[in-house]
>>> print(open('entry-v4.cif').read())   # mmCIF, C-alpha atoms and all ligand atoms
data_final
loop_
_atom_site.group_PDB
_atom_site.id
_atom_site.type_symbol
_atom_site.label_atom_id
_atom_site.label_comp_id
_atom_site.auth_asym_id
_atom_site.auth_seq_id
_atom_site.Cartn_x
_atom_site.Cartn_y
_atom_site.Cartn_z
ATOM 1 C CA MET A 1097 0.000 0.000 0.000
ATOM 2 C CA LEU A 1098 1.256 3.495 -0.839
ATOM 3 C CA ASP A 1099 2.057 5.868 2.021
ATOM 4 C CA SER A 1100 -0.907 8.178 2.289
ATOM 5 C CA TYR A 1101 -1.025 11.943 2.991
ATOM 6 C CA ALA A 1102 -3.742 14.595 2.738
ATOM 7 C CA VAL A 1103 -4.532 18.274 3.143
ATOM 8 C CA ILE A 1104 -7.493 18.954 5.424
ATOM 9 C CA GLY A 1105 -9.536 22.166 5.486
ATOM 10 C CA ASN A 1106 -12.937 23.731 4.899
ATOM 11 C CA PRO A 1107 -13.283 24.747 2.091
ATOM 12 C CA ILE A 1108 -10.660 22.597 0.380
ATOM 13 C CA SER A 1109 -11.520 22.200 -3.303
ATOM 14 C CA HIS A 1110 -9.367 25.229 -4.271
ATOM 15 C CA SER A 1111 -6.262 23.780 -2.558
ATOM 16 C CA LYS A 1112 -3.079 23.538 -4.622
ATOM 17 C CA SER A 1113 -1.457 21.172 -2.100
ATOM 18 C CA PRO A 1114 -2.382 17.882 -3.884
ATOM 19 C CA LEU A 1115 -0.839 19.128 -7.136
ATOM 20 C CA ILE A 1116 2.272 20.429 -5.343
ATOM 21 C CA HIS A 1117 2.886 17.234 -3.369
ATOM 22 C CA LYS A 1118 2.174 14.918 -6.315
ATOM 23 C CA THR A 1119 4.730 16.884 -8.323
ATOM 24 C CA PHE A 1120 7.268 16.647 -5.464
ATOM 25 C CA ALA A 1121 6.643 12.869 -5.214
ATOM 26 C CA GLN A 1122 7.221 12.335 -8.949
ATOM 27 C CA GLN A 1123 10.324 14.484 -8.907
ATOM 28 C CA THR A 1124 11.882 12.578 -5.981
ATOM 29 C CA ASN A 1125 10.555 9.103 -6.864
ATOM 30 C CA GLN A 1126 8.562 8.712 -3.659
ATOM 31 C CA ALA A 1127 5.828 6.067 -3.666
ATOM 32 C CA MET A 1128 3.013 7.990 -1.978
ATOM 33 C CA GLN A 1129 -0.482 9.334 -2.530
ATOM 34 C CA TYR A 1130 -1.915 12.704 -1.500
ATOM 35 C CA ALA A 1131 -5.601 13.667 -1.280
ATOM 36 C CA ALA A 1132 -7.736 16.690 -0.334
ATOM 37 C CA LEU A 1133 -10.081 16.091 2.627
ATOM 38 C CA LEU A 1134 -13.030 18.312 3.431
ATOM 39 C CA ALA A 1135 -13.741 18.191 7.177
ATOM 40 C CA PRO A 1136 -17.051 19.467 8.575
ATOM 41 C CA LEU A 1137 -16.489 22.615 10.667
ATOM 42 C CA ASP A 1138 -17.271 20.613 13.814
ATOM 43 C CA GLY A 1139 -15.544 17.447 12.616
ATOM 44 C CA PHE A 1140 -11.835 18.156 12.370
ATOM 45 C CA GLN A 1141 -10.681 15.688 15.006
ATOM 46 C CA ALA A 1142 -12.947 12.869 13.781
ATOM 47 C CA THR A 1143 -11.737 13.333 10.190
ATOM 48 C CA VAL A 1144 -8.077 13.272 11.279
ATOM 49 C CA GLU A 1145 -8.624 10.175 13.433
ATOM 50 C CA SER A 1146 -10.363 8.295 10.655
ATOM 51 C CA PHE A 1147 -7.539 9.144 8.209
ATOM 52 C CA ARG A 1148 -4.996 7.977 10.773
ATOM 53 C CA GLN A 1149 -6.869 4.717 11.461
ATOM 54 C CA GLN A 1150 -6.740 3.990 7.736
ATOM 55 C CA GLY A 1151 -2.952 4.193 7.861
ATOM 56 C CA GLY A 1152 -2.438 7.873 6.935
ATOM 57 C CA LYS A 1153 1.121 9.063 7.562
ATOM 58 C CA GLY A 1154 0.680 12.821 7.681
ATOM 59 C CA MET A 1155 -1.471 15.840 6.890
ATOM 60 C CA ASN A 1156 -1.286 19.453 5.909
ATOM 61 C CA VAL A 1157 -3.798 21.578 7.797
ATOM 62 C CA THR A 1158 -5.348 24.706 6.407
ATOM 63 C CA VAL A 1159 -8.059 27.239 7.266
ATOM 64 C CA PRO A 1160 -9.855 27.109 9.677
ATOM 65 C CA PHE A 1161 -8.228 24.216 11.559
ATOM 66 C CA LYS A 1162 -4.670 25.307 12.397
ATOM 67 C CA LEU A 1163 -5.486 26.039 16.039
ATOM 68 C CA GLU A 1164 -7.390 22.767 16.470
ATOM 69 C CA ALA A 1165 -4.441 20.908 14.963
ATOM 70 C CA TYR A 1166 -2.188 22.639 17.484
ATOM 71 C CA ARG A 1167 -4.405 21.351 20.286
ATOM 72 C CA LEU A 1168 -4.652 17.844 18.832
ATOM 73 C CA ALA A 1169 -0.898 17.273 18.492
ATOM 74 C CA THR A 1170 0.691 15.150 21.213
ATOM 75 C CA ARG A 1171 4.129 16.661 20.537
ATOM 76 C CA LEU A 1172 4.990 20.064 19.041
ATOM 77 C CA THR A 1173 8.083 21.522 17.394
ATOM 78 C CA GLU A 1174 9.382 24.776 18.892
ATOM 79 C CA ARG A 1175 8.209 26.796 15.908
ATOM 80 C CA ALA A 1176 4.687 25.349 16.199
ATOM 81 C CA THR A 1177 4.597 25.973 19.950
ATOM 82 C CA ILE A 1178 5.511 29.608 19.448
ATOM 83 C CA ALA A 1179 3.215 30.102 16.475
ATOM 84 C CA GLN A 1180 0.372 28.488 18.471
ATOM 85 C CA ALA A 1181 -0.731 27.006 15.165
ATOM 86 C CA VAL A 1182 -0.001 23.784 13.279
ATOM 87 C CA ASN A 1183 -0.029 23.370 9.492
ATOM 88 C CA THR A 1184 1.679 19.960 9.343
ATOM 89 C CA LEU A 1185 0.914 16.727 11.196
ATOM 90 C CA LYS A 1186 3.051 13.611 11.158
ATOM 91 C CA PHE A 1187 1.679 10.337 12.521
ATOM 92 C CA GLU A 1188 4.166 7.921 14.031
ATOM 93 C CA TYR A 1189 3.064 5.051 16.266
ATOM 94 C CA ASP A 1190 0.853 6.674 18.942
ATOM 95 C CA GLU A 1191 2.285 10.117 18.443
ATOM 96 C CA ILE A 1192 0.847 13.062 16.527
ATOM 97 C CA LEU A 1193 3.684 15.471 15.817
ATOM 98 C CA GLY A 1194 2.568 19.055 15.087
ATOM 99 C CA ASP A 1195 4.820 21.405 13.134
ATOM 100 C CA ASN A 1196 4.434 24.793 11.493
ATOM 101 C CA THR A 1197 6.319 25.238 8.224
ATOM 102 C CA ASP A 1198 4.747 28.551 7.151
ATOM 103 C CA GLY A 1199 7.498 30.797 8.490
ATOM 104 C CA ALA A 1200 10.290 28.636 7.088
ATOM 105 C CA GLY A 1201 8.466 28.766 3.745
ATOM 106 C CA LEU A 1202 8.347 32.567 3.798
ATOM 107 C CA VAL A 1203 12.013 32.862 4.759
ATOM 108 C CA ARG A 1204 13.141 30.423 2.043
ATOM 109 C CA ASP A 1205 11.087 32.195 -0.600
ATOM 110 C CA ILE A 1206 12.525 35.606 0.274
ATOM 111 C CA GLU A 1207 16.116 34.431 0.640
ATOM 112 C CA ASN A 1208 16.534 31.588 -1.885
ATOM 113 C CA ASN A 1209 13.994 32.413 -4.585
ATOM 114 C CA LEU A 1210 13.913 36.209 -4.471
ATOM 115 C CA GLY A 1211 17.588 36.470 -3.535
ATOM 116 C CA ILE A 1212 17.201 38.910 -0.640
ATOM 117 C CA PRO A 1213 19.034 38.032 2.607
ATOM 118 C CA ILE A 1214 17.015 38.980 5.702
ATOM 119 C CA ALA A 1215 20.026 39.492 8.004
ATOM 120 C CA GLU A 1216 20.564 43.150 8.921
ATOM 121 C CA LYS A 1217 17.414 44.242 7.068
ATOM 122 C CA ARG A 1218 14.680 46.427 8.504
ATOM 123 C CA ILE A 1219 11.424 44.494 8.215
ATOM 124 C CA LEU A 1220 7.855 45.710 8.532
ATOM 125 C CA LEU A 1221 5.202 43.060 9.184
ATOM 126 C CA LEU A 1222 1.607 44.192 8.669
ATOM 127 C CA GLY A 1223 -0.973 42.331 10.761
ATOM 128 C CA ALA A 1224 -0.952 40.541 14.102
ATOM 129 C CA GLY A 1225 -3.259 37.551 13.519
ATOM 130 C CA GLY A 1226 -2.424 33.889 13.017
ATOM 131 C CA ALA A 1227 -0.593 34.438 9.735
ATOM 132 C CA ALA A 1228 1.739 36.999 11.333
ATOM 133 C CA ARG A 1229 2.293 34.919 14.459
ATOM 134 C CA GLY A 1230 3.426 31.957 12.337
ATOM 135 C CA VAL A 1231 6.289 33.834 10.677
ATOM 136 C CA ILE A 1232 7.746 36.004 13.461
ATOM 137 C CA LEU A 1233 10.170 33.488 14.980
ATOM 138 C CA PRO A 1234 11.600 32.250 11.646
ATOM 139 C CA LEU A 1235 12.069 35.888 10.552
ATOM 140 C CA LEU A 1236 13.842 36.798 13.803
ATOM 141 C CA GLN A 1237 16.097 33.749 13.494
ATOM 142 C CA GLN A 1238 17.573 35.321 10.341
ATOM 143 C CA LYS A 1239 18.728 38.271 12.481
ATOM 144 C CA PRO A 1240 17.093 41.277 10.839
ATOM 145 C CA SER A 1241 18.263 44.562 12.380
ATOM 146 C CA LEU A 1242 14.626 45.371 13.184
ATOM 147 C CA LEU A 1243 11.219 43.716 12.984
ATOM 148 C CA ALA A 1244 8.377 46.225 13.229
ATOM 149 C CA ILE A 1245 4.804 44.985 13.583
ATOM 150 C CA ALA A 1246 1.973 47.291 12.546
ATOM 151 C CA ASN A 1247 -1.631 46.420 13.255
ATOM 152 C CA ARG A 1248 -4.979 48.170 13.092
ATOM 153 C CA THR A 1249 -5.790 47.050 16.637
ATOM 154 C CA ARG A 1250 -3.263 47.963 19.291
ATOM 155 C CA GLY A 1251 -3.874 45.114 21.771
ATOM 156 C CA THR A 1252 -3.032 42.201 19.471
ATOM 157 C CA ALA A 1253 0.185 43.795 18.223
ATOM 158 C CA GLU A 1254 1.250 44.586 21.790
ATOM 159 C CA ALA A 1255 0.644 40.990 22.855
ATOM 160 C CA LEU A 1256 2.875 39.757 20.004
ATOM 161 C CA GLN A 1257 5.571 42.262 20.870
ATOM 162 C CA ASP A 1258 5.533 41.080 24.492
ATOM 163 C CA GLN A 1259 5.691 37.422 23.516
ATOM 164 C CA PHE A 1260 8.484 37.724 20.960
ATOM 165 C CA SER A 1261 10.722 40.498 22.274
ATOM 166 C CA ALA A 1262 12.965 37.935 23.989
ATOM 167 C CA TYR A 1263 13.876 36.564 20.537
ATOM 168 C CA GLY A 1264 15.020 39.750 18.802
ATOM 169 C CA ASN A 1265 14.580 43.464 18.174
ATOM 170 C CA ILE A 1266 10.826 43.999 17.811
ATOM 171 C CA VAL A 1267 8.939 47.292 17.845
ATOM 172 C CA MET A 1268 5.274 47.983 17.391
ATOM 173 C CA HIS A 1269 3.624 50.714 15.330
ATOM 174 C CA ILE A 1270 0.039 51.841 15.324
ATOM 175 C CA PHE A 1271 0.488 55.110 13.475
ATOM 176 C CA MET A 1272 3.434 55.068 11.169
ATOM 177 C CA PRO A 1273 5.380 58.157 10.089
ATOM 178 C CA SER A 1274 5.370 58.428 6.286
ATOM 179 C CA ASN A 1275 9.179 58.671 6.196
ATOM 180 C CA ALA A 1276 9.764 55.450 8.159
ATOM 181 C CA HIS A 1277 12.398 53.310 6.421
ATOM 182 C CA PHE A 1278 12.028 49.575 5.836
ATOM 183 C CA ASP A 1279 13.790 47.225 3.406
ATOM 184 C CA ILE A 1280 11.172 44.467 3.339
ATOM 185 C CA ILE A 1281 7.427 45.046 3.879
ATOM 186 C CA ILE A 1282 5.317 41.915 4.395
ATOM 187 C CA ASN A 1283 1.525 41.900 4.316
ATOM 188 C CA ALA A 1284 0.264 39.257 6.772
ATOM 189 C CA THR A 1285 -3.194 40.826 7.171
ATOM 190 C CA SER A 1286 -6.231 39.169 5.662
ATOM 191 C CA ALA A 1287 -7.062 42.433 3.828
ATOM 192 C CA SER A 1288 -6.121 41.032 0.408
ATOM 193 C CA LEU A 1289 -8.821 38.362 0.808
ATOM 194 C CA HIS A 1290 -11.343 41.183 0.437
ATOM 195 C CA ASP A 1291 -9.180 43.114 -2.021
ATOM 196 C CA ALA A 1292 -8.695 45.771 0.667
ATOM 197 C CA LEU A 1293 -5.542 47.705 1.447
ATOM 198 C CA PRO A 1294 -4.180 47.818 5.011
ATOM 199 C CA GLU A 1295 -3.664 51.397 6.092
ATOM 200 C CA ILE A 1296 -0.050 52.372 5.522
ATOM 201 C CA PRO A 1297 1.481 55.658 4.365
ATOM 202 C CA ALA A 1298 2.548 55.603 0.700
ATOM 203 C CA GLY A 1299 5.943 57.131 1.572
ATOM 204 C CA VAL A 1300 7.021 53.998 3.433
ATOM 205 C CA PHE A 1301 7.303 52.090 0.150
ATOM 206 C CA ALA A 1302 9.746 54.406 -1.619
ATOM 207 C CA GLN A 1303 12.907 52.970 -0.091
ATOM 208 C CA ALA A 1304 11.785 49.366 0.187
ATOM 209 C CA THR A 1305 13.596 46.628 -1.726
ATOM 210 C CA LEU A 1306 10.722 44.158 -1.484
ATOM 211 C CA ALA A 1307 6.965 44.216 -0.820
ATOM 212 C CA TYR A 1308 5.628 40.720 -0.125
ATOM 213 C CA ASP A 1309 1.968 39.696 0.099
ATOM 214 C CA MET A 1310 1.443 36.354 1.832
ATOM 215 C CA MET A 1311 -1.800 35.994 -0.144
ATOM 216 C CA TYR A 1312 -2.027 35.340 -3.854
ATOM 217 C CA ARG A 1313 -4.754 35.806 -6.397
ATOM 218 C CA GLN A 1314 -5.023 35.833 -10.143
ATOM 219 C CA GLU A 1315 -4.455 39.573 -10.379
ATOM 220 C CA SER A 1316 -1.860 41.413 -8.338
ATOM 221 C CA THR A 1317 -3.257 42.369 -4.910
ATOM 222 C CA ARG A 1318 -4.043 46.017 -4.130
ATOM 223 C CA PHE A 1319 -1.204 45.969 -1.619
ATOM 224 C CA LEU A 1320 1.330 44.931 -4.269
ATOM 225 C CA LYS A 1321 0.007 47.434 -6.815
ATOM 226 C CA PHE A 1322 0.184 50.201 -4.211
ATOM 227 C CA ALA A 1323 3.742 49.212 -3.269
ATOM 228 C CA GLN A 1324 4.856 49.247 -6.887
ATOM 229 C CA GLN A 1325 3.176 52.572 -7.647
ATOM 230 C CA ASN A 1326 4.976 54.069 -4.686
ATOM 231 C CA GLY A 1327 8.451 52.993 -5.644
ATOM 232 C CA THR A 1328 9.161 49.563 -4.139
ATOM 233 C CA ARG A 1329 11.731 47.850 -6.345
ATOM 234 C CA GLN A 1330 10.467 44.273 -6.216
ATOM 235 C CA ILE A 1331 7.080 42.708 -5.405
ATOM 236 C CA ALA A 1332 6.110 39.090 -4.717
ATOM 237 C CA ASP A 1333 2.906 37.256 -3.887
ATOM 238 C CA GLY A 1334 2.508 34.192 -1.634
ATOM 239 C CA ILE A 1335 2.855 31.467 -4.281
ATOM 240 C CA GLY A 1336 6.517 30.945 -3.496
ATOM 241 C CA MET A 1337 5.730 30.702 0.215
ATOM 242 C CA LEU A 1338 2.947 28.193 -0.500
ATOM 243 C CA VAL A 1339 5.326 25.906 -2.391
ATOM 244 C CA GLU A 1340 8.168 26.352 0.112
ATOM 245 C CA GLN A 1341 6.001 25.540 3.151
ATOM 246 C CA ALA A 1342 4.843 22.414 1.285
ATOM 247 C CA ALA A 1343 8.461 21.447 0.588
ATOM 248 C CA GLU A 1344 9.283 21.832 4.273
ATOM 249 C CA SER A 1345 6.348 19.516 5.188
ATOM 250 C CA PHE A 1346 7.480 17.038 2.522
ATOM 251 C CA PHE A 1347 10.959 17.086 4.062
ATOM 252 C CA LEU A 1348 9.516 16.402 7.528
ATOM 253 C CA TRP A 1349 7.600 13.384 6.192
ATOM 254 C CA ARG A 1350 10.018 11.947 3.629
ATOM 255 C CA GLY A 1351 13.459 13.253 4.631
ATOM 256 C CA ILE A 1352 14.035 14.615 1.100
ATOM 257 C CA ARG A 1353 14.008 18.216 -0.117
ATOM 258 C CA PRO A 1354 12.211 18.548 -3.447
ATOM 259 C CA GLN A 1355 13.141 21.215 -5.981
ATOM 260 C CA THR A 1356 10.735 24.086 -5.573
ATOM 261 C CA LYS A 1357 11.561 26.467 -8.416
ATOM 262 C CA PRO A 1358 10.001 24.355 -11.221
ATOM 263 C CA VAL A 1359 6.855 23.887 -9.106
ATOM 264 C CA ILE A 1360 6.560 27.621 -8.427
ATOM 265 C CA ALA A 1361 6.951 28.287 -12.157
ATOM 266 C CA MET A 1362 4.279 25.683 -12.974
ATOM 267 C CA LEU A 1363 1.774 27.209 -10.528
ATOM 268 C CA LYS A 1364 2.440 30.740 -11.727
ATOM 269 C CA SER A 1365 1.776 29.686 -15.302
ATOM 270 C CA GLN A 1366 -1.573 28.200 -14.237
ATOM 271 C CA ILE A 1367 -2.881 31.064 -12.102
HETATM 272 P P1 LIG A 1401 -5.117 35.198 10.126
HETATM 273 O O1 LIG A 1401 -5.148 34.074 11.096
HETATM 274 O O2 LIG A 1401 -5.334 34.783 8.690
HETATM 275 O O3 LIG A 1401 -3.945 36.090 10.270
HETATM 276 P P2 LIG A 1401 -6.844 36.828 11.750
HETATM 277 O O4 LIG A 1401 -6.349 36.200 12.977
HETATM 278 O O5 LIG A 1401 -8.304 37.078 11.580
HETATM 279 O O6 LIG A 1401 -6.448 36.022 10.442
HETATM 280 O O7 LIG A 1401 -6.026 38.196 11.574
HETATM 281 C C1 LIG A 1401 -6.225 38.994 10.482
HETATM 282 C C2 LIG A 1401 -5.231 40.151 10.550
HETATM 283 O O8 LIG A 1401 -5.477 41.013 9.440
HETATM 284 C C3 LIG A 1401 -5.387 41.013 11.788
HETATM 285 O O9 LIG A 1401 -4.117 41.542 12.119
HETATM 286 C C4 LIG A 1401 -6.337 42.110 11.308
HETATM 287 O O10 LIG A 1401 -6.238 43.308 12.042
HETATM 288 P P3 LIG A 1401 -7.040 43.531 13.430
HETATM 289 O O11 LIG A 1401 -6.241 42.818 14.503
HETATM 290 O O12 LIG A 1401 -7.047 44.990 13.611
HETATM 291 O O13 LIG A 1401 -8.403 42.926 13.204
HETATM 292 C C5 LIG A 1401 -5.802 42.314 9.919
HETATM 293 N N1 LIG A 1401 -6.754 42.909 8.969
HETATM 294 C C6 LIG A 1401 -7.812 42.319 8.375
HETATM 295 N N2 LIG A 1401 -8.411 43.159 7.506
HETATM 296 C C7 LIG A 1401 -7.710 44.314 7.529
HETATM 297 C C8 LIG A 1401 -7.813 45.571 6.848
HETATM 298 N N3 LIG A 1401 -8.770 45.798 5.939
HETATM 299 N N4 LIG A 1401 -6.884 46.511 7.122
HETATM 300 C C9 LIG A 1401 -5.900 46.293 8.028
HETATM 301 N N5 LIG A 1401 -5.752 45.134 8.718
HETATM 302 C C10 LIG A 1401 -6.642 44.153 8.479
#
>>> encode(input="entry-v4.cif", output="structure tokens")
Amino acid sequence: MLDSYAVIGNPISHSKSPLIHKTFAQQTNQAMQYAALLAPLDGFQATVESFRQQGGKGMNVTVPFKLEAYRLATRLTERATIAQAVNTLKFEYDEILGDNTDGAGLVRDIENNLGIPIAEKRILLLGAGGAARGVILPLLQQKPSLLAIANRTRGTAEALQDQFSAYGNIVMHIFMPSNAHFDIIINATSASLHDALPEIPAGVFAQATLAYDMMYRQESTRFLKFAQQNGTRQIADGIGMLVEQAAESFFLWRGIRPQTKPVIAMLKSQI
């Protein structure tokens, strides 16, 4: 029987994960299968358990179940513990290992694919929800000179600053001066889901090397258009991060790193 993996979410039909992992498996000659599983909103745990009972080896977890997956895991990696969210499960004997590969995916995309080292850079992270929380530690581990978090609501950004300040130089902004200087500006808000633009002064983009939107859509997001119009040199959407976080999960399960660049190119040509 082939080793069996799946992505679980609700909704799930739009997920690119089956295509990404099947391509990785072909590329690396791994005998495995990978499916998309729709779990009822109140049936995450039951769906995971049933998949596990049938011999499933691991899962990717997507919206809205990352917190439930965090609670279900019997052992957590450090990056999942700190993110308080799990996007990858690995089943071994009685254990459910929970990991979070989102932040590693973002870091790899920025550094390896876009060619921009994070060390010594001034980074602005927009948003303080789950998506932001998942990438803070991996960003800090690259030793940026500064990580600024800006959020619409003060309390959530302050809580993140308190939690993460032991790991690196973090500051929090609510109102940002228009001449503030950042090298890399990352949109981790959910604004792009609604084609909205998080509030940020246009002047902040002029000196930036990279504007990165963790979301992707067929057309460029408003955030990326705004960044480009206001002078940011390079823009990138979240497709690279999507493929890189998948590669990191694949590595956790199979011990092999697939090549990501051809898969990113394939997805970009399809979207
Ligand atoms: P996720 O887990 O996907 O990050 P979330 O926890 O709901 O989702 O967080 C969404 C983030 O996007 C929050 O930081 C939210 O800001 P608030 O804390 O002020 O709610 C931010 N966000 C969503 N829509 C936004 C908008 N139109 N402009 C600015 N920030 C927005």
>>> residues_around(input="entry-v4.cif", residues="Gln1324 of chain A", least_positions_apart="6", cutoff="8 Å", atoms="all atoms listed in the file", output="mmCIF file with C-alpha atoms, in the coordinates of the input")
data_model
loop_
_atom_site.group_PDB
_atom_site.id
_atom_site.type_symbol
_atom_site.label_atom_id
_atom_site.label_comp_id
_atom_site.auth_asym_id
_atom_site.auth_seq_id
_atom_site.Cartn_x
_atom_site.Cartn_y
_atom_site.Cartn_z
ATOM 1 C CA PHE A 1301 7.303 52.090 0.150
ATOM 2 C CA GLN A 1330 10.467 44.273 -6.216
ATOM 3 C CA ILE A 1331 7.080 42.708 -5.405
#
>>> resolve_selection(input="entry-v4.cif", expression="the PyMOL selection byres (((not hetatm)) within 6 of (chain A and resi 1401))", output="MDAnalysis selection string")
chainID A and resid 1223:1228 1247:1249 1252 1285:1287 1292:1295
>>> closest_residue(input="entry-v4.cif", among="A:Trp1349, A:Phe1322, A:Phe1260, A:Phe1161", to="Ile1104 of chain A", atoms="all atoms listed in the file")
A:Phe1161
>>> resolve_selection(input="entry-v4.cif", expression="the PyMOL selection byres (((chain A and resi 1218) around 7) and not hetatm)", output="PyMOL selection string")
chain A and resi 1216-1217+1219-1220+1240-1243+1278-1280
>>> residues_around(input="entry-v4.cif", residues="Glu1344 of chain A", least_positions_apart="2", cutoff="8 Å", atoms="all atoms listed in the file", output="list in words")
Thr1197, Ala1200, Gly1201, Glu1340, Gln1341, Ala1342, Phe1346, Phe1347, Leu1348 and Arg1353 of chain A
>>> closest_residue(input="entry-v4.cif", among="A:Ala1253, A:Leu1235, A:Leu1320, A:Met1268", to="Ser1288 of chain A", atoms="all atoms listed in the file")
A:Leu1320
>>> atom_distance(input="entry-v4.cif", atom1="atom CA of Gly1327 of chain A", atom2="atom CA of Val1231 of chain A")
25.3 Å
>>> closest_residue(input="entry-v4.cif", among="A:Glu1145, A:Gly1139, A:Gly1105, A:Gln1122", to="Asn1183 of chain A", atoms="only C-alpha atoms")
A:Gly1105
>>> resolve_selection(input="entry-v4.cif", expression="the PyMOL selection byres (((chain A and resi 1204) around 12) and not hetatm)", output="PDB file with C-alpha atoms, in the coordinates of the input")
ATOM      1  CA  THR A1197       6.319  25.238   8.224  1.00  0.00           C
ATOM      2  CA  ASP A1198       4.747  28.551   7.151  1.00  0.00           C
ATOM      3  CA  GLY A1199       7.498  30.797   8.490  1.00  0.00           C
ATOM      4  CA  ALA A1200      10.290  28.636   7.088  1.00  0.00           C
ATOM      5  CA  GLY A1201       8.466  28.766   3.745  1.00  0.00           C
ATOM      6  CA  LEU A1202       8.347  32.567   3.798  1.00  0.00           C
ATOM      7  CA  VAL A1203      12.013  32.862   4.759  1.00  0.00           C
ATOM      8  CA  ASP A1205      11.087  32.195  -0.600  1.00  0.00           C
ATOM      9  CA  ILE A1206      12.525  35.606   0.274  1.00  0.00           C
ATOM     10  CA  GLU A1207      16.116  34.431   0.640  1.00  0.00           C
ATOM     11  CA  ASN A1208      16.534  31.588  -1.885  1.00  0.00           C
ATOM     12  CA  ASN A1209      13.994  32.413  -4.585  1.00  0.00           C
ATOM     13  CA  LEU A1210      13.913  36.209  -4.471  1.00  0.00           C
ATOM     14  CA  GLY A1211      17.588  36.470  -3.535  1.00  0.00           C
ATOM     15  CA  ILE A1212      17.201  38.910  -0.640  1.00  0.00           C
ATOM     16  CA  PRO A1213      19.034  38.032   2.607  1.00  0.00           C
ATOM     17  CA  ILE A1214      17.015  38.980   5.702  1.00  0.00           C
ATOM     18  CA  VAL A1231       6.289  33.834  10.677  1.00  0.00           C
ATOM     19  CA  PRO A1234      11.600  32.250  11.646  1.00  0.00           C
ATOM     20  CA  LEU A1235      12.069  35.888  10.552  1.00  0.00           C
ATOM     21  CA  GLN A1238      17.573  35.321  10.341  1.00  0.00           C
ATOM     22  CA  GLY A1334       2.508  34.192  -1.634  1.00  0.00           C
ATOM     23  CA  GLY A1336       6.517  30.945  -3.496  1.00  0.00           C
ATOM     24  CA  MET A1337       5.730  30.702   0.215  1.00  0.00           C
ATOM     25  CA  LEU A1338       2.947  28.193  -0.500  1.00  0.00           C
ATOM     26  CA  VAL A1339       5.326  25.906  -2.391  1.00  0.00           C
ATOM     27  CA  GLU A1340       8.168  26.352   0.112  1.00  0.00           C
ATOM     28  CA  GLN A1341       6.001  25.540   3.151  1.00  0.00           C
ATOM     29  CA  ALA A1342       4.843  22.414   1.285  1.00  0.00           C
ATOM     30  CA  ALA A1343       8.461  21.447   0.588  1.00  0.00           C
ATOM     31  CA  GLU A1344       9.283  21.832   4.273  1.00  0.00           C
ATOM     32  CA  THR A1356      10.735  24.086  -5.573  1.00  0.00           C
ATOM     33  CA  LYS A1357      11.561  26.467  -8.416  1.00  0.00           C
TER      34      LYS A1357
END
